[in-house]
$ cat work27.txt   # compact mmCIF, C-alpha atoms and all ligand atoms
# COMPACT_ATOMS: atom_id res chain seq x y z
CA MET R 98 36.36 58.55 40.36
CA SER R 99 39.32 58.61 42.77
CA GLN R 100 39.20 55.14 44.38
CA LEU R 101 39.48 51.56 43.19
CA SER R 102 36.41 49.37 43.48
CA SER R 103 38.25 46.81 45.65
CA LYS R 104 40.56 46.94 48.70
CA HIS R 105 42.80 44.24 47.14
CA LEU R 106 44.34 43.70 43.71
CA LEU R 107 43.83 39.97 43.28
CA GLY R 108 43.32 39.86 39.52
CA ILE R 109 42.41 41.93 36.48
CA LYS R 110 39.16 39.96 36.25
CA ASP R 111 37.85 41.89 39.28
CA LEU R 112 38.77 45.37 37.97
CA THR R 113 36.39 47.65 36.10
CA PRO R 114 37.52 49.63 33.01
CA ASP R 115 37.25 52.74 35.23
CA ASP R 116 39.63 51.13 37.77
CA ILE R 117 42.17 50.51 35.01
CA GLN R 118 41.78 54.07 33.70
CA LEU R 119 42.33 55.43 37.23
CA ILE R 120 45.47 53.29 37.67
CA PHE R 121 46.83 54.53 34.32
CA GLU R 122 46.16 58.20 35.10
CA THR R 123 47.77 57.81 38.52
CA ALA R 124 50.75 56.00 36.93
CA ASP R 125 51.13 58.86 34.40
CA ASN R 126 51.71 61.19 37.37
CA PHE R 127 54.12 58.80 39.08
CA LYS R 128 56.05 58.32 35.84
CA ASP R 129 56.69 62.08 35.88
CA VAL R 130 57.82 61.80 39.52
CA ILE R 131 60.33 59.00 38.89
CA ASN R 132 61.87 60.92 36.00
CA ARG R 133 62.56 63.94 38.23
CA PRO R 134 65.94 64.45 39.97
CA ILE R 135 64.15 63.84 43.31
CA LYS R 136 62.25 60.62 42.66
CA LYS R 137 60.57 60.23 46.02
CA VAL R 138 57.19 61.41 47.37
CA PRO R 139 55.88 61.11 50.95
CA SER R 140 52.53 59.51 49.94
CA LEU R 141 52.94 56.23 51.89
CA ARG R 142 54.91 57.51 54.87
CA ASP R 143 53.75 55.51 57.95
CA ILE R 144 52.56 52.59 55.77
CA THR R 145 54.48 49.31 56.10
CA ILE R 146 54.48 46.85 53.21
CA ALA R 147 55.73 43.25 53.22
CA ASN R 148 56.84 41.71 49.93
CA VAL R 149 56.16 38.01 50.49
CA PHE R 150 57.65 35.87 47.73
CA PHE R 151 57.15 32.10 47.69
CA GLU R 152 58.45 31.90 44.08
CA ASN R 153 61.48 33.32 42.29
CA SER R 154 61.34 36.81 40.80
CA THR R 155 63.67 39.52 39.54
CA ARG R 156 61.53 42.21 37.87
CA THR R 157 58.36 42.06 39.98
CA LYS R 158 60.11 41.88 43.35
CA LEU R 159 62.58 44.70 42.65
CA SER R 160 59.93 46.82 40.95
CA PHE R 161 57.53 46.57 43.92
CA GLU R 162 60.35 47.31 46.37
CA LEU R 163 61.44 50.37 44.38
CA ALA R 164 57.83 51.56 43.99
CA GLU R 165 57.33 51.26 47.77
CA LYS R 166 60.55 53.15 48.51
CA ARG R 167 59.70 55.90 45.99
CA LEU R 168 56.41 56.32 47.91
CA SER R 169 58.31 56.48 51.27
CA ALA R 170 56.71 53.30 52.66
CA ASP R 171 58.57 51.13 55.16
CA VAL R 172 59.42 47.85 53.41
CA ILE R 173 60.23 44.33 54.58
CA ASN R 174 61.07 41.45 52.26
CA PHE R 175 60.31 37.77 52.82
CA SER R 176 61.49 34.88 50.63
CA SER R 177 60.23 31.40 51.40
CA SER R 178 63.69 29.95 50.70
CA GLY R 179 65.64 30.24 53.94
CA SER R 180 62.43 30.85 55.97
CA SER R 181 60.43 28.80 58.49
CA VAL R 182 58.22 27.64 55.61
CA LYS R 183 60.99 25.06 55.19
CA LYS R 184 60.14 23.86 58.76
CA GLY R 185 56.49 23.34 57.78
CA GLU R 186 54.90 26.70 58.73
CA THR R 187 51.65 27.29 56.81
CA LEU R 188 50.96 30.23 54.47
CA LEU R 189 48.37 31.68 56.86
CA ASP R 190 50.62 31.34 59.92
CA THR R 191 53.50 32.92 58.01
CA VAL R 192 51.40 35.90 56.90
CA ASN R 193 49.70 36.33 60.29
CA ASN R 194 53.12 36.46 61.96
CA ILE R 195 54.26 39.11 59.47
CA LEU R 196 51.05 41.11 60.10
CA ALA R 197 51.59 40.88 63.88
CA MET R 198 54.61 43.15 63.29
CA LYS R 199 52.11 45.92 62.32
CA VAL R 200 52.34 45.49 58.57
CA ASP R 201 49.60 47.22 56.53
CA MET R 202 49.87 45.69 53.06
CA ILE R 203 51.02 42.35 51.63
CA VAL R 204 52.44 41.95 48.13
CA MET R 205 52.53 38.22 47.47
CA ARG R 206 53.82 35.87 44.79
CA HIS R 207 52.88 32.21 45.24
CA SER R 208 53.06 29.12 43.05
CA SER R 209 49.49 28.08 43.95
CA PRO R 210 46.68 29.63 41.86
CA GLY R 211 44.22 31.32 44.23
CA ALA R 212 46.66 31.72 47.16
CA PRO R 213 46.07 35.52 47.45
CA HIS R 214 42.29 35.01 47.14
CA PHE R 215 42.48 32.50 50.02
CA LEU R 216 44.47 34.98 52.11
CA SER R 217 41.99 37.78 51.42
CA LYS R 218 39.28 35.75 53.19
CA HIS R 219 41.38 35.45 56.36
CA ILE R 220 43.24 38.74 56.85
CA ASP R 221 42.35 42.44 56.98
CA ALA R 222 45.46 43.90 55.30
CA ASN R 223 45.36 44.92 51.62
CA ILE R 224 46.74 42.20 49.34
CA VAL R 225 48.39 42.70 45.96
CA ASN R 226 48.79 39.58 43.84
CA ALA R 227 52.32 39.58 42.38
CA GLY R 228 51.60 36.37 40.44
CA ASP R 229 49.71 33.26 41.61
CA GLY R 230 50.84 30.12 39.81
CA THR R 231 49.38 29.86 36.31
CA HIS R 232 46.40 32.07 37.22
CA GLU R 233 46.90 35.88 37.17
CA HIS R 234 49.69 38.47 37.26
CA PRO R 235 47.66 41.68 37.41
CA THR R 236 50.41 44.29 37.73
CA GLN R 237 52.25 42.73 34.74
CA ALA R 238 49.11 43.06 32.60
CA LEU R 239 48.61 46.64 33.79
CA LEU R 240 52.18 47.62 32.93
CA ASP R 241 51.87 45.82 29.57
CA ALA R 242 48.66 47.65 28.64
CA PHE R 243 50.09 50.95 29.98
CA SER R 244 53.18 50.46 27.75
CA MET R 245 50.98 49.72 24.71
CA ARG R 246 48.88 52.85 25.44
CA GLU R 247 52.09 54.90 25.71
CA LYS R 248 53.25 53.61 22.32
CA LEU R 249 49.93 53.48 20.39
CA GLY R 250 47.54 55.79 22.27
CA ASP R 251 44.00 54.59 22.97
CA LEU R 252 43.79 50.76 22.84
CA VAL R 253 40.23 50.67 21.46
CA GLY R 254 40.32 48.55 18.28
CA LYS R 255 44.06 47.80 18.55
CA LYS R 256 45.08 44.23 17.71
CA ILE R 257 47.26 42.43 20.23
CA ALA R 258 48.71 38.94 19.63
CA ILE R 259 49.86 36.95 22.66
CA ILE R 260 52.27 34.30 21.41
CA GLY R 261 53.88 31.36 23.20
CA ASP R 262 53.28 29.14 26.22
CA ILE R 263 49.73 30.23 27.03
CA ILE R 264 48.68 27.26 29.16
CA HIS R 265 51.29 27.93 31.88
CA SER R 266 51.08 31.72 31.70
CA ARG R 267 49.45 33.95 34.31
CA VAL R 268 50.55 36.91 32.15
CA ALA R 269 48.41 35.66 29.23
CA LEU R 270 45.19 35.45 31.23
CA SER R 271 45.67 38.83 32.93
CA ASN R 272 46.58 40.39 29.55
CA VAL R 273 43.41 39.03 27.92
CA PHE R 274 41.23 40.49 30.70
CA ALA R 275 43.03 43.88 30.73
CA LEU R 276 43.18 44.35 26.96
CA GLN R 277 39.54 43.42 26.43
CA LYS R 278 38.51 45.84 29.20
CA MET R 279 40.49 48.55 27.34
CA GLY R 280 38.65 47.76 24.07
CA ALA R 281 41.48 45.93 22.25
CA GLU R 282 41.11 42.77 20.14
CA VAL R 283 43.18 39.80 21.32
CA MET R 284 44.61 36.86 19.40
CA ILE R 285 46.27 33.87 21.07
CA CYS R 286 48.96 31.94 19.18
CA GLY R 287 51.01 28.88 20.11
CA PRO R 288 51.26 25.15 19.60
CA ALA R 289 47.88 23.49 20.27
CA THR R 290 49.39 21.66 23.27
CA LEU R 291 50.28 24.99 24.92
CA VAL R 292 46.89 26.67 24.37
CA PRO R 293 44.21 25.83 26.98
CA LYS R 294 40.85 24.65 25.57
CA TYR R 295 38.88 27.19 27.66
CA ILE R 296 40.58 30.14 25.94
CA THR R 297 38.02 30.43 23.10
CA SER R 298 35.30 31.02 25.72
CA LEU R 299 37.06 34.33 26.54
CA GLY R 300 36.25 35.79 23.13
CA VAL R 301 39.78 35.74 21.70
CA LYS R 302 40.91 34.58 18.25
CA VAL R 303 43.15 31.49 18.32
CA VAL R 304 45.71 30.54 15.65
CA THR R 305 48.70 28.21 15.50
CA ASP R 306 50.56 30.02 12.69
CA VAL R 307 52.97 32.63 14.09
CA PHE R 308 53.27 34.50 10.78
CA GLU R 309 49.47 34.83 10.62
CA ALA R 310 49.46 36.27 14.16
CA LEU R 311 52.26 38.71 13.38
CA GLN R 312 50.62 39.82 10.12
CA TRP R 313 47.31 40.44 11.99
CA CYS R 314 48.56 42.36 15.02
CA ASP R 315 49.73 45.85 15.98
CA VAL R 316 51.58 44.45 18.99
CA ALA R 317 53.09 41.00 19.60
CA ASN R 318 53.44 40.15 23.30
CA ILE R 319 55.74 37.13 23.23
CA LEU R 320 55.70 34.83 26.24
CA ARG R 321 58.47 32.57 27.45
CA ILE R 322 58.38 28.82 27.45
CA GLN R 323 57.96 28.10 31.18
CA LEU R 324 60.48 25.31 31.45
CA GLU R 325 59.94 24.96 35.23
CA ARG R 326 56.23 24.13 34.73
CA GLN R 327 56.61 21.59 31.87
CA HIS R 328 55.99 18.33 33.71
CA ILE R 329 55.08 16.52 30.48
CA LYS R 330 56.50 16.98 26.99
CA TYR R 331 54.40 19.61 25.18
CA PHE R 332 56.68 19.79 22.11
CA PRO R 333 59.57 17.63 20.84
CA SER R 334 62.49 19.99 21.59
CA LEU R 335 63.36 23.64 22.20
CA ARG R 336 65.05 23.68 18.78
CA GLU R 337 61.82 22.59 17.13
CA TYR R 338 59.80 25.14 19.15
CA ALA R 339 62.15 27.94 18.04
CA LEU R 340 61.88 26.77 14.42
CA TYR R 341 58.06 26.74 14.27
CA PHE R 342 56.92 29.16 17.00
CA GLY R 343 59.90 31.44 17.71
CA VAL R 344 59.73 35.08 16.58
CA ASN R 345 62.82 36.02 14.56
CA LYS R 346 63.93 38.86 12.29
CA ALA R 347 63.29 36.89 9.08
CA LEU R 348 59.59 36.60 10.04
CA LEU R 349 59.32 40.32 10.86
CA ASP R 350 61.05 41.24 7.57
CA ARG R 351 58.32 39.33 5.67
CA LEU R 352 55.56 41.49 7.18
CA ASP R 353 54.11 44.37 5.17
CA LYS R 354 54.15 46.63 8.25
CA GLU R 355 56.04 47.33 11.48
CA ILE R 356 54.73 45.96 14.77
CA VAL R 357 55.59 46.58 18.42
CA ILE R 358 57.46 43.75 20.17
CA MET R 359 56.91 43.01 23.87
CA HIS R 360 57.97 40.31 26.33
CA PRO R 361 57.29 40.25 30.09
CA GLY R 362 60.63 38.55 30.84
CA PRO R 363 62.60 36.58 31.71
CA ILE R 364 63.53 35.87 28.07
CA ASN R 365 64.72 32.52 26.73
CA ARG R 366 66.87 34.06 23.99
CA GLY R 367 66.86 31.95 20.83
CA VAL R 368 63.74 30.01 21.89
CA GLU R 369 60.55 32.14 21.84
CA ILE R 370 62.39 35.24 20.56
CA THR R 371 65.76 35.87 18.94
CA SER R 372 68.12 38.53 20.28
CA ASP R 373 67.91 40.60 17.09
CA VAL R 374 64.15 40.96 17.72
CA ALA R 375 64.32 41.38 21.52
CA ASP R 376 66.96 44.11 21.19
CA SER R 377 65.57 45.77 18.04
CA GLN R 378 64.17 49.29 17.74
CA HIS R 379 60.66 47.77 17.62
CA SER R 380 61.08 46.22 21.06
CA ILE R 381 59.70 48.03 24.13
CA ILE R 382 60.75 45.30 26.56
CA LEU R 383 62.80 47.62 28.80
CA ASN R 384 60.06 50.31 28.64
CA GLN R 385 57.76 47.66 30.13
CA VAL R 386 60.19 47.24 33.03
CA GLU R 387 60.46 51.01 33.52
CA ASN R 388 56.67 51.40 33.49
CA GLY R 389 56.31 48.61 36.05
CA VAL R 390 57.57 50.93 38.80
CA ALA R 391 55.04 53.68 37.98
CA ILE R 392 52.18 51.17 37.69
CA ARG R 393 53.03 49.55 41.03
CA MET R 394 53.35 52.96 42.69
CA ALA R 395 49.85 53.75 41.38
CA VAL R 396 48.34 50.47 42.61
CA LEU R 397 49.88 50.76 46.09
CA TYR R 398 48.96 54.45 46.39
CA LEU R 399 45.33 53.84 45.40
CA LEU R 400 44.90 50.81 47.69
CA ALA R 401 46.52 52.67 50.61
CA GLY R 402 44.26 55.68 49.95
CA ALA R 403 41.19 53.50 50.33
CA ARG R 404 42.35 52.53 53.87
CA SER R 405 41.71 55.95 55.45
N1 LIG J 501 57.70 39.42 34.44
C1 LIG J 501 57.94 38.86 35.63
O1 LIG J 501 57.02 38.55 36.40
O2 LIG J 501 59.27 38.66 35.90
P1 LIG J 501 59.84 38.09 37.27
O3 LIG J 501 59.41 36.65 37.37
O4 LIG J 501 61.33 38.26 37.19
O5 LIG J 501 59.24 38.88 38.39
$ encode --input "work27.txt" --output "structure tokens"
Amino acid sequence: MSQLSSKHLLGIKDLTPDDIQLIFETADNFKDVINRPIKKVPSLRDITIANVFFENSTRTKLSFELAEKRLSADVINFSSSGSSVKKGETLLDTVNNILAMKVDMIVMRHSSPGAPHFLSKHIDANIVNAGDGTHEHPTQALLDAFSMREKLGDLVGKKIAIIGDIIHSRVALSNVFALQKMGAEVMICGPATLVPKYITSLGVKVVTDVFEALQWCDVANILRIQLERQHIKYFPSLREYALYFGVNKALLDRLDKEIVIMHPGPINRGVEITSDVADSQHSIILNQVENGVAIRMAVLYLLAGARS
């Protein structure tokens, strides 16, 4: 198999296990490339990609831009702040105007769940979802699973705990889909108010005791409290959250084994994770960021390859 089963990457839900395997094998090759003195390949010369961000980002935006440049694509960047969106221009008009400039691929982050799926019904260009509201963040889940595979080998039978603010997290949902497709077991852990009721229907274990989750898992993927999406009070205070649901060194020292620590970023240090855990030798948080470039190169390369 040398092609993805879809012309877009809208979510992990739509990918087959073979698609994920192909992305990983392609990313393995690109990881070699970006560790060479000459980090650039001509694969996407003559392809123009627009990074269209309607929501803030550091890692995803820079990682896509670097991936595109490493592949020799032409790149333009759009941020809704400072744009004509502020004058009332619609999403579709904005994207159609960008495409009129002969753009081939759109990488989009949007605060509305389903925004890239909506676009895919109205435009011909390939679309990569860089995070749609609380729905999916497919390239984050791919780089997370790729980083786990790098650390642990085959993910079949591996136990992954996703801990934190699940209800507001697009990373959680995409991780569940990706890890299950790779054969891993998934546990969700957080305060009951931050765990959506539908989650049990996805075949995951659910617990509210962080120590139980840590004792069970091989990898803890710790998610941030999404302060910008908390429109009602889900827990009494950040101090209380840190006390009962934060991952700290004292908890890890009580385990009878060592586990891998991950976090997609940005981190609220001292809330969901303490600095001595985030910066410890068990943490692969910066490896996740490094792998993000290779994974995004692989996704863009494979989608562009399906165009010809
Ligand atoms: N992990 C992640 O999506 O980070 P950014 O919001 O900085 O892109």
$ residues_around --input "work27.txt" --residues "region 159-175 of chain R" --least-positions-apart "5" --cutoff "10 Å" --atoms "only C-alpha atoms" --output "NGL selection string"
:R and (127 or 130-131 or 135-151 or 154 or 180 or 191-192 or 195 or 200-205 or 227 or 236 or 386-398)
$ closest_residue --input "work27.txt" --among "R:Ile259, R:Val283, R:Met198, R:Ile364" --to "ligand LIG 501 (chain J)" --atoms "all atoms listed in the file"
R:Ile364
$ closest_residue --input "work27.txt" --among "R:Gln327, R:Gln237, R:Asn126, R:Ser176" --to "ligand LIG 501 (chain J)" --atoms "all atoms listed in the file"
R:Gln237
$ residues_around --input "work27.txt" --residues "region 292-294 of chain R" --least-positions-apart "6" --cutoff "10 Å" --atoms "all atoms listed in the file" --output "list in words"
Ile260, Gly261, Asp262, Ile263, Ile264, His265, Ser266, Ile285, Cys286, Val303, Val304 and Thr305 of chain R
$ write_last_selection --input "work27.txt" --atoms "C-alpha atoms" --output "PDB file, in the coordinates of the input"
ATOM      1  CA  ILE R 260      52.270  34.300  21.410  1.00  0.00           C
ATOM      2  CA  GLY R 261      53.880  31.360  23.200  1.00  0.00           C
ATOM      3  CA  ASP R 262      53.280  29.140  26.220  1.00  0.00           C
ATOM      4  CA  ILE R 263      49.730  30.230  27.030  1.00  0.00           C
ATOM      5  CA  ILE R 264      48.680  27.260  29.160  1.00  0.00           C
ATOM      6  CA  HIS R 265      51.290  27.930  31.880  1.00  0.00           C
ATOM      7  CA  SER R 266      51.080  31.720  31.700  1.00  0.00           C
ATOM      8  CA  ILE R 285      46.270  33.870  21.070  1.00  0.00           C
ATOM      9  CA  CYS R 286      48.960  31.940  19.180  1.00  0.00           C
ATOM     10  CA  VAL R 303      43.150  31.490  18.320  1.00  0.00           C
ATOM     11  CA  VAL R 304      45.710  30.540  15.650  1.00  0.00           C
ATOM     12  CA  THR R 305      48.700  28.210  15.500  1.00  0.00           C
TER      13      THR R 305
END
$ residues_near_ligand --input "work27.txt" --ligand "ligand LIG 501 (chain J)" --cutoff "12 Å" --atoms "all atoms listed in the file" --output "PyMOL selection string"
chain R and resi 150-162+205-208+226-231+233-241+266-269+271+318-321+323+325+359-364+382-383+385-387+389
$ closest_residue --input "work27.txt" --among "R:Phe332, R:Ser298, R:Ala258, R:Ala289" --to "Leu311 (chain R)" --atoms "only C-alpha atoms"
R:Ala258
$ residues_around --input "work27.txt" --residues "region 373-375 of chain R" --least-positions-apart "5" --cutoff "7 Å" --atoms "all atoms listed in the file" --output "tab-separated table (two decimals) with C-alpha atoms, keeping the file's coordinate frame"
chain	number	residue	atom	x	y	z
R	345	ASN	CA	62.82	36.02	14.56
R	346	LYS	CA	63.93	38.86	12.29
R	380	SER	CA	61.08	46.22	21.06
$ closest_residue --input "work27.txt" --among "R:Met279, R:Leu291, R:Leu107, R:Ile120" --to "Arg246 (chain R)" --atoms "all atoms listed in the file"
R:Met279
$ build_atoms --input "work27.txt" --residues "region 249-264 of chain R" --atoms "N, CA and C atoms" --output "PDB file, in the coordinates of the input"
ATOM      1  N   LEU R 249      50.946  53.438  21.465  1.00  0.00           N
ATOM      2  CA  LEU R 249      49.930  53.480  20.390  1.00  0.00           C
ATOM      3  C   LEU R 249      48.778  54.441  20.675  1.00  0.00           C
ATOM      4  N   GLY R 250      48.709  54.995  21.891  1.00  0.00           N
ATOM      5  CA  GLY R 250      47.540  55.790  22.270  1.00  0.00           C
ATOM      6  C   GLY R 250      46.409  54.861  22.715  1.00  0.00           C
ATOM      7  N   ASP R 251      45.180  55.353  22.550  1.00  0.00           N
ATOM      8  CA  ASP R 251      44.000  54.590  22.970  1.00  0.00           C
ATOM      9  C   ASP R 251      44.048  53.147  22.436  1.00  0.00           C
ATOM     10  N   LEU R 252      43.704  52.167  23.277  1.00  0.00           N
ATOM     11  CA  LEU R 252      43.790  50.760  22.840  1.00  0.00           C
ATOM     12  C   LEU R 252      42.518  50.271  22.147  1.00  0.00           C
ATOM     13  N   VAL R 253      41.483  51.119  22.092  1.00  0.00           N
ATOM     14  CA  VAL R 253      40.230  50.670  21.460  1.00  0.00           C
ATOM     15  C   VAL R 253      40.511  50.273  20.000  1.00  0.00           C
ATOM     16  N   GLY R 254      40.149  49.025  19.655  1.00  0.00           N
ATOM     17  CA  GLY R 254      40.320  48.550  18.280  1.00  0.00           C
ATOM     18  C   GLY R 254      41.731  48.091  17.934  1.00  0.00           C
ATOM     19  N   LYS R 255      42.686  48.266  18.846  1.00  0.00           N
ATOM     20  CA  LYS R 255      44.060  47.800  18.550  1.00  0.00           C
ATOM     21  C   LYS R 255      44.098  46.279  18.620  1.00  0.00           C
ATOM     22  N   LYS R 256      45.007  45.693  17.826  1.00  0.00           N
ATOM     23  CA  LYS R 256      45.080  44.230  17.710  1.00  0.00           C
ATOM     24  C   LYS R 256      46.344  43.736  18.413  1.00  0.00           C
ATOM     25  N   ILE R 257      46.139  42.915  19.430  1.00  0.00           N
ATOM     26  CA  ILE R 257      47.260  42.430  20.230  1.00  0.00           C
ATOM     27  C   ILE R 257      47.337  40.902  20.115  1.00  0.00           C
ATOM     28  N   ALA R 258      48.491  40.388  19.675  1.00  0.00           N
ATOM     29  CA  ALA R 258      48.710  38.940  19.630  1.00  0.00           C
ATOM     30  C   ALA R 258      49.554  38.522  20.831  1.00  0.00           C
ATOM     31  N   ILE R 259      49.089  37.507  21.536  1.00  0.00           N
ATOM     32  CA  ILE R 259      49.860  36.950  22.660  1.00  0.00           C
ATOM     33  C   ILE R 259      50.357  35.584  22.178  1.00  0.00           C
ATOM     34  N   ILE R 260      51.677  35.446  22.107  1.00  0.00           N
ATOM     35  CA  ILE R 260      52.270  34.300  21.410  1.00  0.00           C
ATOM     36  C   ILE R 260      53.151  33.504  22.360  1.00  0.00           C
ATOM     37  N   GLY R 261      52.933  32.182  22.426  1.00  0.00           N
ATOM     38  CA  GLY R 261      53.880  31.360  23.200  1.00  0.00           C
ATOM     39  C   GLY R 261      53.196  30.324  24.059  1.00  0.00           C
ATOM     40  N   ASP R 262      53.744  30.155  25.264  1.00  0.00           N
ATOM     41  CA  ASP R 262      53.280  29.140  26.220  1.00  0.00           C
ATOM     42  C   ASP R 262      52.107  29.720  27.002  1.00  0.00           C
ATOM     43  N   ILE R 263      50.919  29.587  26.439  1.00  0.00           N
ATOM     44  CA  ILE R 263      49.730  30.230  27.030  1.00  0.00           C
ATOM     45  C   ILE R 263      49.245  29.436  28.241  1.00  0.00           C
ATOM     46  N   ILE R 264      49.314  28.116  28.141  1.00  0.00           N
ATOM     47  CA  ILE R 264      48.680  27.260  29.160  1.00  0.00           C
ATOM     48  C   ILE R 264      49.312  27.442  30.548  1.00  0.00           C
TER      49      ILE R 264
END
